[in-house]
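Shown here: structure.cif, mmCIF, C-alpha atoms and all ligand atoms.
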```
data_my_file
loop_
_atom_site.label_atom_id
_atom_site.label_comp_id
_atom_site.auth_asym_id
_atom_site.auth_seq_id
_atom_site.Cartn_x
_atom_site.Cartn_y
_atom_site.Cartn_z
CA MET S 1 -69.45 8.88 -11.40
CA THR S 2 -66.32 9.05 -13.51
CA ASP S 3 -64.43 5.82 -14.11
CA LEU S 4 -66.66 3.51 -12.12
CA LEU S 5 -64.66 0.41 -11.20
CA LEU S 6 -66.83 -1.49 -8.75
CA ASP S 7 -70.55 -1.11 -8.26
CA VAL S 8 -72.10 -3.14 -5.45
CA ARG S 9 -75.91 -3.09 -5.50
CA GLU S 10 -78.13 -4.55 -2.81
CA LEU S 11 -75.61 -7.17 -1.77
CA SER S 12 -77.14 -9.54 0.77
CA VAL S 13 -75.52 -12.54 2.38
CA SER S 14 -77.59 -14.98 4.41
CA LEU S 15 -76.71 -18.15 6.19
CA ALA S 16 -77.95 -21.33 4.59
CA GLY S 17 -78.08 -24.77 6.20
CA ARG S 18 -77.41 -24.57 9.93
CA GLY S 19 -78.44 -21.14 11.24
CA ALA S 20 -80.46 -20.55 8.07
CA GLY S 21 -82.39 -17.34 7.91
CA ALA S 22 -79.82 -15.05 9.53
CA THR S 23 -78.90 -12.24 7.16
CA LEU S 24 -75.33 -11.19 7.83
CA VAL S 25 -75.14 -8.52 5.13
CA ASP S 26 -78.40 -6.87 4.21
CA GLY S 27 -78.86 -4.85 1.04
CA VAL S 28 -75.47 -3.10 1.02
CA SER S 29 -74.83 -0.78 -1.95
CA PHE S 30 -71.75 1.28 -2.72
CA SER S 31 -69.42 2.03 -5.57
CA VAL S 32 -65.68 2.54 -5.98
CA ALA S 33 -64.19 4.70 -8.72
CA ALA S 34 -60.80 3.96 -10.26
CA GLY S 35 -58.06 5.15 -7.90
CA GLU S 36 -60.48 5.90 -5.06
CA VAL S 37 -60.11 4.80 -1.44
CA VAL S 38 -63.38 3.71 0.18
CA CYS S 39 -63.28 2.75 3.85
CA ILE S 40 -65.78 0.35 5.37
CA VAL S 41 -65.99 0.97 9.09
CA GLY S 42 -67.98 -0.51 11.95
CA GLU S 43 -67.66 -2.54 15.14
CA SER S 44 -66.79 -6.21 15.23
CA GLY S 45 -69.43 -8.46 13.69
CA CYS S 46 -71.15 -5.80 11.57
CA GLY S 47 -70.42 -7.66 8.32
CA LYS S 48 -67.31 -5.96 6.93
CA THR S 49 -65.37 -9.15 6.22
CA VAL S 50 -68.41 -11.02 4.89
CA THR S 51 -68.97 -8.10 2.48
CA ALA S 52 -65.34 -8.08 1.32
CA ARG S 53 -65.11 -11.85 0.92
CA SER S 54 -68.36 -11.84 -1.05
CA ILE S 55 -67.01 -9.22 -3.46
CA ILE S 56 -63.91 -11.25 -4.16
CA GLY S 57 -65.95 -14.44 -4.54
CA LEU S 58 -64.68 -16.30 -1.48
CA ASN S 59 -68.17 -16.96 -0.10
CA ARG S 60 -70.07 -17.96 -3.18
CA THR S 61 -68.90 -21.55 -3.34
CA ASP S 62 -69.44 -21.96 0.41
CA PRO S 63 -72.70 -23.90 0.92
CA ASN S 64 -73.17 -22.05 4.22
CA PHE S 65 -73.85 -18.76 2.45
CA GLU S 66 -76.55 -17.53 0.11
CA LEU S 67 -75.71 -14.41 -1.87
CA SER S 68 -77.96 -12.04 -3.74
CA GLY S 69 -77.61 -8.65 -5.42
CA ASN S 70 -75.11 -7.47 -7.96
CA VAL S 71 -71.34 -6.91 -7.69
CA ALA S 72 -70.31 -5.30 -10.96
CA PHE S 73 -66.57 -5.02 -11.58
CA ARG S 74 -65.92 -3.11 -14.79
CA GLY S 75 -69.54 -3.79 -15.68
CA GLN S 76 -69.40 -7.56 -15.14
CA ASN S 77 -71.44 -9.14 -12.34
CA LEU S 78 -68.93 -11.09 -10.26
CA LEU S 79 -71.68 -13.06 -8.53
CA GLU S 80 -72.42 -14.73 -11.86
CA LEU S 81 -68.85 -15.15 -13.08
CA ASP S 82 -67.61 -18.74 -13.52
CA GLU S 83 -65.11 -19.95 -10.94
CA GLU S 84 -62.20 -20.14 -13.39
CA SER S 85 -62.59 -16.49 -14.49
CA MET S 86 -63.04 -15.48 -10.86
CA ARG S 87 -59.77 -17.22 -9.93
CA ARG S 88 -57.96 -15.32 -12.68
CA LEU S 89 -59.42 -12.03 -11.48
CA ARG S 90 -58.51 -12.75 -7.85
CA GLY S 91 -54.87 -11.89 -7.26
CA GLY S 92 -54.88 -10.17 -10.65
CA SER S 93 -57.24 -7.21 -11.17
CA ILE S 94 -58.61 -7.58 -7.64
CA ALA S 95 -56.29 -8.45 -4.76
CA MET S 96 -57.03 -8.81 -1.07
CA ILE S 97 -54.85 -8.42 1.98
CA PHE S 98 -55.79 -9.56 5.45
CA GLN S 99 -55.18 -8.79 9.10
CA ASP S 100 -53.25 -12.02 9.37
CA PRO S 101 -50.56 -12.22 6.67
CA MET S 102 -50.30 -15.97 7.14
CA SER S 103 -53.74 -16.33 5.55
CA SER S 104 -52.11 -15.16 2.28
CA LEU S 105 -48.57 -16.45 2.68
CA ASN S 106 -47.67 -20.11 2.47
CA PRO S 107 -45.46 -20.92 5.50
CA LEU S 108 -43.67 -23.68 3.58
CA GLN S 109 -42.68 -21.64 0.56
CA ARG S 110 -39.99 -18.97 0.27
CA ILE S 111 -41.33 -15.38 0.04
CA GLY S 112 -39.69 -14.78 -3.35
CA ALA S 113 -41.08 -18.01 -4.80
CA GLN S 114 -44.60 -17.01 -3.76
CA ILE S 115 -44.34 -13.63 -5.48
CA ASP S 116 -42.74 -15.32 -8.50
CA GLU S 117 -45.69 -17.69 -8.74
CA ALA S 118 -48.18 -14.80 -8.67
CA LEU S 119 -46.17 -13.03 -11.37
CA SER S 120 -46.12 -16.13 -13.54
CA ILE S 121 -49.93 -16.43 -13.28
CA HIS S 122 -50.78 -12.78 -13.81
CA THR S 123 -48.01 -11.42 -16.06
CA GLN S 124 -46.13 -12.46 -19.22
CA LEU S 125 -42.70 -11.90 -17.62
CA ASP S 126 -39.97 -14.52 -18.16
CA ARG S 127 -38.00 -16.03 -15.30
CA THR S 128 -35.24 -13.41 -15.15
CA ALA S 129 -37.72 -10.54 -15.39
CA ARG S 130 -39.86 -12.12 -12.67
CA ARG S 131 -36.85 -12.33 -10.33
CA ARG S 132 -36.10 -8.67 -11.03
CA ARG S 133 -39.73 -7.67 -10.48
CA THR S 134 -39.89 -9.67 -7.21
CA LEU S 135 -36.86 -7.77 -5.89
CA GLU S 136 -38.43 -4.51 -7.03
CA LEU S 137 -41.73 -5.31 -5.30
CA LEU S 138 -39.96 -6.24 -2.05
CA ALA S 139 -38.02 -2.97 -2.20
CA GLU S 140 -41.21 -1.08 -3.05
CA VAL S 141 -42.95 -2.25 0.13
CA GLY S 142 -39.90 -1.43 2.25
CA ILE S 143 -38.23 -4.80 2.87
CA PRO S 144 -34.60 -3.94 3.64
CA SER S 145 -31.95 -5.66 1.45
CA PRO S 146 -34.43 -7.60 -0.70
CA ASP S 147 -31.63 -9.57 -2.38
CA THR S 148 -30.70 -11.19 0.94
CA ARG S 149 -34.34 -11.67 2.06
CA ILE S 150 -35.96 -12.90 -1.15
CA ASP S 151 -35.30 -16.56 -0.30
CA ASP S 152 -36.42 -16.32 3.33
CA TYR S 153 -39.44 -18.23 4.56
CA PRO S 154 -42.34 -16.25 6.10
CA HIS S 155 -41.33 -17.28 9.65
CA GLN S 156 -37.97 -15.56 9.15
CA PHE S 157 -39.77 -12.24 8.68
CA SER S 158 -41.08 -10.04 11.54
CA GLY S 159 -44.84 -9.38 11.75
CA GLY S 160 -44.52 -6.00 10.03
CA MET S 161 -42.30 -7.47 7.31
CA ARG S 162 -44.77 -10.30 6.70
CA GLN S 163 -47.49 -7.67 6.29
CA ARG S 164 -45.27 -5.92 3.73
CA ALA S 165 -44.53 -9.18 1.92
CA MET S 166 -48.27 -9.87 1.69
CA ILE S 167 -48.76 -6.42 0.14
CA ALA S 168 -45.94 -7.14 -2.35
CA LEU S 169 -47.69 -10.40 -3.23
CA ALA S 170 -50.99 -8.53 -3.74
CA LEU S 171 -49.26 -5.98 -5.99
CA ALA S 172 -47.74 -8.71 -8.18
CA GLY S 173 -50.90 -8.94 -10.29
CA ASN S 174 -50.98 -5.15 -10.70
CA PRO S 175 -54.48 -4.90 -9.20
CA ALA S 176 -56.94 -2.17 -10.16
CA LEU S 177 -58.65 -2.81 -6.82
CA LEU S 178 -57.01 -3.74 -3.54
CA ILE S 179 -59.27 -4.93 -0.73
CA ALA S 180 -57.52 -4.51 2.60
CA ASP S 181 -59.29 -6.17 5.56
CA GLU S 182 -57.91 -4.60 8.75
CA PRO S 183 -54.31 -4.99 7.56
CA THR S 184 -52.91 -2.89 10.39
CA THR S 185 -54.97 -4.07 13.37
CA ALA S 186 -52.44 -6.63 14.61
CA LEU S 187 -49.50 -4.21 14.38
CA ASP S 188 -48.08 -1.73 16.87
CA VAL S 189 -48.89 1.95 16.36
CA THR S 190 -45.63 2.85 14.59
CA MET S 191 -45.92 -0.09 12.22
CA GLN S 192 -49.60 0.71 11.62
CA LYS S 193 -48.67 4.20 10.55
CA GLN S 194 -45.94 2.91 8.23
CA ILE S 195 -48.26 0.41 6.54
CA LEU S 196 -50.94 3.09 6.09
CA LEU S 197 -48.38 5.42 4.51
CA LEU S 198 -47.22 2.57 2.28
CA ILE S 199 -50.76 1.84 1.06
CA LYS S 200 -51.33 5.56 0.45
CA ARG S 201 -48.13 5.81 -1.58
CA LEU S 202 -48.82 2.65 -3.58
CA ARG S 203 -52.34 3.79 -4.32
CA ALA S 204 -50.98 7.01 -5.85
CA GLU S 205 -48.15 5.24 -7.68
CA TYR S 206 -50.25 2.42 -9.14
CA ALA S 207 -53.49 4.47 -9.50
CA MET S 208 -55.07 1.63 -7.58
CA ALA S 209 -58.52 1.79 -5.95
CA VAL S 210 -58.66 0.52 -2.38
CA ILE S 211 -61.45 -0.79 -0.18
CA PHE S 212 -59.98 -0.42 3.28
CA ILE S 213 -61.77 -2.15 6.14
CA THR S 214 -61.21 -0.92 9.65
CA HIS S 215 -63.01 -0.28 12.92
CA ASP S 216 -60.89 2.81 13.49
CA LEU S 217 -62.19 6.17 12.27
CA GLY S 218 -58.72 7.65 12.85
CA VAL S 219 -57.49 5.38 10.05
CA VAL S 220 -60.46 6.44 7.92
CA ALA S 221 -59.53 10.10 8.37
CA GLU S 222 -55.98 9.30 7.23
CA ILE S 223 -56.73 7.33 4.13
CA ALA S 224 -60.32 7.50 2.82
CA ASP S 225 -61.94 9.48 0.05
CA ARG S 226 -65.31 8.06 0.94
CA VAL S 227 -66.59 6.06 3.87
CA LEU S 228 -69.31 3.49 4.43
CA VAL S 229 -70.39 2.95 8.03
CA MET S 230 -71.91 -0.47 8.71
CA TYR S 231 -74.01 -1.56 11.63
CA ALA S 232 -75.60 -5.00 12.04
CA GLY S 233 -75.09 -5.92 8.39
CA ARG S 234 -76.47 -2.71 6.96
CA CYS S 235 -75.03 0.55 5.75
CA VAL S 236 -76.15 3.24 8.22
CA GLU S 237 -74.19 6.16 6.78
CA SER S 238 -72.01 6.84 3.77
CA GLY S 239 -70.52 9.77 1.94
CA PRO S 240 -67.38 11.78 1.27
CA VAL S 241 -65.01 11.37 4.23
CA ARG S 242 -65.00 15.04 5.16
CA ASP S 243 -68.79 15.25 5.27
CA VAL S 244 -69.21 12.08 7.27
CA LEU S 245 -66.46 12.81 9.79
CA ARG S 246 -67.11 16.52 10.20
CA ALA S 247 -70.88 16.27 10.33
CA PRO S 248 -71.90 12.69 11.12
CA GLN S 249 -75.62 12.26 10.64
CA HIS S 250 -76.10 8.89 12.28
CA PRO S 251 -75.77 8.61 16.09
CA TYR S 252 -73.71 5.42 15.59
CA THR S 253 -71.11 7.25 13.51
CA ALA S 254 -71.04 10.05 16.08
CA ARG S 255 -70.40 7.52 18.86
CA LEU S 256 -67.64 5.82 16.87
CA LEU S 257 -66.03 9.23 16.42
CA ALA S 258 -66.15 9.85 20.14
CA SER S 259 -64.13 6.68 20.69
CA ILE S 260 -61.14 7.90 18.69
CA PRO S 261 -58.13 8.37 20.93
CA ALA S 262 -56.88 11.94 20.97
CA ALA S 263 -53.21 12.13 20.02
CA ASN S 264 -52.32 13.63 23.39
CA ARG S 265 -54.57 11.43 25.51
CA VAL S 266 -52.85 9.96 28.56
CA LYS S 267 -52.28 6.25 27.94
CA THR S 268 -54.03 5.00 31.05
CA ARG S 269 -57.30 6.78 30.36
CA ARG S 270 -59.93 4.45 29.03
CA LEU S 271 -61.51 5.19 25.70
CA PRO S 272 -65.20 5.89 25.72
CA THR S 273 -67.12 2.87 24.52
CA ILE S 274 -70.61 2.60 23.15
CA LYS S 275 -73.03 1.21 25.72
CA GLY S 276 -74.55 -2.18 24.98
CA ALA S 277 -73.51 -4.67 22.35
CA THR S 278 -74.16 -5.21 18.68
CA PRO S 279 -77.18 -7.46 18.07
CA MET S 280 -76.57 -11.13 17.37
CA LEU S 281 -77.75 -11.44 13.78
CA ALA S 282 -78.01 -15.22 14.08
CA ASP S 283 -81.05 -14.58 16.31
CA GLY S 284 -82.77 -12.63 13.53
CA ARG S 285 -82.75 -8.93 12.81
CA PRO S 286 -84.34 -6.76 15.51
CA LYS S 287 -87.43 -4.88 14.35
CA GLY S 288 -86.88 -1.21 13.53
CA CYS S 289 -83.52 0.55 13.72
CA ALA S 290 -80.92 -2.00 14.87
CA PHE S 291 -79.00 0.69 16.79
CA ARG S 292 -82.10 1.78 18.73
CA PRO S 293 -81.32 -0.11 22.01
CA ARG S 294 -77.91 1.64 22.23
CA CYS S 295 -78.93 5.04 20.91
CA ASP S 296 -79.16 8.12 23.14
CA PHE S 297 -81.63 9.72 20.74
CA ALA S 298 -84.08 6.85 20.21
CA PHE S 299 -87.77 7.75 20.11
CA GLU S 300 -91.02 6.03 19.07
CA GLN S 301 -90.48 6.28 15.34
CA CYS S 302 -87.30 4.20 15.64
CA SER S 303 -89.40 1.04 16.00
CA ASP S 304 -89.69 1.37 12.20
CA GLU S 305 -86.49 0.94 10.19
CA PRO S 306 -85.47 4.29 8.70
CA PRO S 307 -84.50 4.34 5.00
CA LEU S 308 -80.96 5.19 3.91
CA ALA S 309 -81.78 8.72 2.82
CA PRO S 310 -79.64 11.35 1.10
CA LEU S 311 -79.00 14.78 2.62
CA GLU S 312 -79.37 17.86 0.44
CA ASP S 313 -76.26 17.28 -1.71
CA GLY S 314 -77.19 13.66 -2.46
CA ALA S 315 -73.69 12.25 -1.81
CA HIS S 316 -74.06 11.90 1.96
CA LEU S 317 -76.58 9.26 3.09
CA SER S 318 -77.85 8.40 6.55
CA ARG S 319 -80.25 5.78 7.89
CA CYS S 320 -81.75 7.74 10.77
CA TRP S 321 -85.02 9.52 11.39
CA LEU S 322 -83.07 12.33 13.04
CA VAL S 323 -82.15 15.13 10.67
CA PRO S 324 -80.34 17.47 10.86
CA SER S 325 -77.09 16.37 12.37
CA VAL S 326 -76.68 14.74 15.72
CA GLU S 327 -75.04 16.92 18.32
CA ARG S 328 -71.34 16.23 18.69
CA SER S 329 -69.24 16.15 21.83
CA PRO S 330 -65.95 18.12 22.00
CA ALA S 331 -64.08 14.78 21.71
CA ASP S 332 -65.60 14.25 18.28
CA LEU S 333 -64.04 17.44 17.05
CA LYS S 334 -60.57 15.88 17.45
CA ILE S 335 -61.10 14.26 14.10
CA VAL S 336 -61.27 17.66 12.43
CA GLU S 337 -57.64 18.20 13.45
CA VAL S 338 -56.65 15.03 11.59
CA LEU S 339 -58.56 16.17 8.54
CA GLN S 340 -56.94 19.60 8.36
N1 LIG S 401 -68.82 -18.71 8.26
C1 LIG S 401 -69.74 -18.13 9.04
N2 LIG S 401 -70.75 -18.82 9.54
C2 LIG S 401 -71.67 -18.24 10.35
N3 LIG S 401 -71.66 -16.95 10.68
C3 LIG S 401 -70.67 -16.19 10.21
C4 LIG S 401 -69.63 -16.73 9.36
N4 LIG S 401 -68.77 -15.75 9.04
C5 LIG S 401 -69.23 -14.65 9.66
N5 LIG S 401 -70.36 -14.90 10.38
C6 LIG S 401 -71.14 -13.94 11.17
O1 LIG S 401 -71.42 -12.83 10.33
C7 LIG S 401 -71.40 -11.64 11.05
C8 LIG S 401 -70.47 -10.65 10.37
O2 LIG S 401 -69.15 -11.14 10.46
P1 LIG S 401 -67.89 -10.39 9.84
O3 LIG S 401 -66.74 -11.31 9.98
O4 LIG S 401 -68.23 -9.90 8.49
O5 LIG S 401 -67.74 -9.16 10.82
P2 LIG S 401 -66.66 -7.99 10.77
O6 LIG S 401 -67.43 -6.71 10.63
O7 LIG S 401 -65.63 -8.28 9.76
O8 LIG S 401 -66.07 -8.05 12.24
P3 LIG S 401 -64.54 -7.91 12.77
O9 LIG S 401 -64.33 -6.43 12.95
O10 LIG S 401 -64.56 -8.63 14.06
O11 LIG S 401 -63.63 -8.52 11.76
C9 LIG S 401 -70.99 -11.99 12.47
O12 LIG S 401 -72.15 -12.04 13.25
C10 LIG S 401 -70.37 -13.36 12.32
O13 LIG S 401 -70.54 -14.11 13.47
MG MG S 402 -63.63 -8.73 9.86
#
```
Show me the file's structure as structure tokens.
Amino acid sequence: MTDLLLDVRELSVSLAGRGAGATLVDGVSFSVAAGEVVCIVGESGCGKTVTARSIIGLNRTDPNFELSGNVAFRGQNLLELDEESMRRLRGGSIAMIFQDPMSSLNPLQRIGAQIDEALSIHTQLDRTARRRRTLELLAEVGIPSPDTRIDDYPHQFSGGMRQRAMIALALAGNPALLIADEPTTALDVTMQKQILLLIKRLRAEYAMAVIFITHDLGVVAEIADRVLVMYAGRCVESGPVRDVLRAPQHPYTARLLASIPAANRVKTRRLPTIKGATPMLADGRPKGCAFRPRCDFAFEQCSDEPPLAPLEDGAHLSRCWLVPSVERSPADLKIVEVLQ
């Protein structure tokens, strides 16, 4: 791959101490090229956040977690990096934004001062230049009249504005990789769209790679170059976004697609949901394919775990004994409209 930025190989995260033995993330591998947007998608509890936090080194000092594998950022294994170097990298070359902006913003410190602090850590700018850059960043993310808002506290901002301020803070270190963990989930639809457009624009402007975590394949269709579908701590399908969304190979991906709301769907109609629930990984991994109890296509062979196997072109992988592609319902085809 050209310009490989991040290469995650066989990342596993298990619980240590209380609940020991449960593997929350199990042998996940994927890579991100410079400037590329990779979406990680899957239902609640499938291990998206644990994966992201492990990449950025937030889990490795936690005695509750045991990590293994390799997370190479520009060729350097982050799992082995000393804490001081990791701290410098975090908020600098790699930044993370969250669903809840208050997990990044300090409620007691003015917005401008927080961005100024990040700039003073990660850039050589002097005080005047930092003030100018802070105003620029606030304007860049769409905060109206930055010069009157720069000294506001987070509580003086609306939810959408706080989300924007958190993005400005993340951009302060000029990251090569932005990890966005469901940054639009708590927002209303209009604001969601605006934030997505903002991230798309910033990605182009800053040539920044993005790992975008979501449970919404509609968002994936909007923003991703490639997609990684996770189920019960494992990758069940991955590949270029068009291949995965147009011809999903794993029944789980196909079911997720069927739950995308059509643009013209009447509000009161309930979205289709996937029968059953995700397995509780704390109880140990079920034998065989973890999706088997919820799968419409399950057969005897599924009591053995299928490998993550490439299709003909090699870029599209699926962990299912069923090949070729799973039949798709007319609702699934809605996604094709988004892609065109
Ligand atoms: N600190 C922790 N201690 C014990 N279990 C944890 C911890 N953090 C996460 N888990 C478990 O790990 C699994 C994966 O959690 P994770 O937060 O990564 O899910 P997710 O895919 O991000 O879900 P969501 O869409 O709800 O954010 C879940 O079963 C969760 O209960
Ligand atoms: Mg999460």
Item to check | Exercise answer, 6 Å around ligand LIG 401 (chain S) with all atoms listed in the file, as a list of chain:residue names | outcome: S:Leu24, S:Glu43, S:Ser44, S:Gly45, S:Cys46, S:Gly47, S:Lys48, S:Thr49, S:Val50, S:Leu281
Would you save the residues from that selection as a CSV table (one decimal), in the frame of the given file, using C-alpha atoms?
```
chain,number,residue,atom,x,y,z
S,24,LEU,CA,-75.3,-11.2,7.8
S,43,GLU,CA,-67.7,-2.5,15.1
S,44,SER,CA,-66.8,-6.2,15.2
S,45,GLY,CA,-69.4,-8.5,13.7
S,46,CYS,CA,-71.2,-5.8,11.6
S,47,GLY,CA,-70.4,-7.7,8.3
S,48,LYS,CA,-67.3,-6.0,6.9
S,49,THR,CA,-65.4,-9.2,6.2
S,50,VAL,CA,-68.4,-11.0,4.9
S,281,LEU,CA,-77.8,-11.4,13.8
```
Could you give me, as CSV, a per-residue list for chain S showing, wherever an atom lies at most 12 Å from an atom of ligand MG 402 (chain S), the closest pair of atoms and their distance in Å to one decimal, using only C-alpha atoms and all ligand atoms and sorting by chain then residue number from low to high?
```
residue,atom,partner,partner_atom,distance
S:Ile40,CA,S:MG402,MG,10.4
S:Val41,CA,S:MG402,MG,10.0
S:Gly42,CA,S:MG402,MG,9.5
S:Glu43,CA,S:MG402,MG,9.1
S:Ser44,CA,S:MG402,MG,6.7
S:Gly45,CA,S:MG402,MG,7.0
S:Cys46,CA,S:MG402,MG,8.2
S:Gly47,CA,S:MG402,MG,7.0
S:Lys48,CA,S:MG402,MG,5.5
S:Thr49,CA,S:MG402,MG,4.1
S:Val50,CA,S:MG402,MG,7.3
S:Thr51,CA,S:MG402,MG,9.1
S:Ala52,CA,S:MG402,MG,8.7
S:Arg53,CA,S:MG402,MG,9.6
S:Ile97,CA,S:MG402,MG,11.8
S:Phe98,CA,S:MG402,MG,9.0
S:Gln99,CA,S:MG402,MG,8.5
S:Asp100,CA,S:MG402,MG,10.9
S:Ala180,CA,S:MG402,MG,10.4
S:Asp181,CA,S:MG402,MG,6.6
S:Glu182,CA,S:MG402,MG,7.1
S:Pro183,CA,S:MG402,MG,10.3
S:Thr185,CA,S:MG402,MG,10.4
S:Phe212,CA,S:MG402,MG,11.2
S:Ile213,CA,S:MG402,MG,7.8
S:Thr214,CA,S:MG402,MG,8.2
S:His215,CA,S:MG402,MG,9.0
S:Met230,CA,S:MG402,MG,11.8
S:Gly233,CA,S:MG402,MG,11.9
```
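Counting all atoms listed in the file and comparing S:Asp296, S:Glu136, S:Asp7, S:Asp313, the residue that lies closest to Gly69 in chain S is S:Asp7.
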Next on the checklist: So that I can see what lies close to Ile56 in chain S, please list as a list of chain:residue names the residues with an atom at most 9 Å from it, counting only C-alpha atoms and leaving out residues fewer than 3 positions away in the same chain.
Outcome noted: S:Thr51, S:Ala52, S:Arg53, S:Asn59, S:Leu78, S:Met86, S:Leu89, S:Arg90, S:Ile94, S:Ala95, S:Met96, S:Ile179
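Between CA of Arg149 in chain S and CA of Leu178 in chain S the interatomic distance comes to 24.7 Å.
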Checklist entry - For Val28 in chain S, which residue among S:Phe297, S:Tyr206, S:Trp321, S:Tyr231 is the nearest when counting only C-alpha atoms? => result S:Tyr231
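Distances here use all atoms listed in the file; by that measure, the residue among S:Ile121, S:Ile115, S:Ala168, S:Leu4 closest to Ile199 in chain S is S:Ala168.
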Checklist entry - Excluding same-chain residues fewer than 2 positions from Cys235 in chain S, what lies within 9 Å of it counting all atoms listed in the file, as a list in words? => result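 Within the cut-off, the hits are Asp26, Gly27, Val28, Ser29, Leu228, Val229, Met230, Tyr231, Ala232, Gly233, Glu237, Ser238, Leu308, Ser318 and Arg319 of chain S.
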Checklist outcome for this item: A straight line from CA of Thr23 in chain S to CA of Val227 in chain S spans 22.3 Å
Next on the checklist: Excluding Val71 in chain S and its own-chain neighbours fewer than 4 positions away, which residues fall within 7 Å of it when counting all atoms listed in the file? Please give them as JSON, numbers by chain.
Outcome noted: {"S": [7, 8, 9, 55, 77, 78, 79]}
Next on the checklist: Ranking S:Ser31, S:Ser303, S:Thr184, S:Asn174 by minimum distance to Gly75 in chain S and counting all atoms listed in the file, which one comes first?
Outcome noted: S:Ser31
Item to check | Straight-line distance linking CA of Ala33 in chain S with CA of Pro248 in chain S, stated in Å to one decimal | outcome: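 Interatomic distance here is 22.7 Å.
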Enclose the full set of atoms of range 201-204 of chain S listed in the file within a box whose edges lie along x, y and z, apply 6 Å of padding to each of the six sides, and report centre and edge lengths in Å to one decimal as lines of an AutoDock Vina configuration file.
```
center_x = -50.2
center_y = 4.8
center_z = -3.7
size_x = 16.2
size_y = 16.4
size_z = 16.3
```
Item to check | Protein, DNA and RNA residues within 6 Å of (-60.8, 8.7, -3.4), all atoms listed in the file, as a list in words | outcome: Glu36, Val37 and Asp225 of chain S
Item to check | Nearby residues (only C-alpha atoms) at most 8 Å from Gly276 in chain S, same-chain spacing under 2 positions excluded, as JSON, numbers by chain | outcome: {"S": [274, 278, 293, 294]}
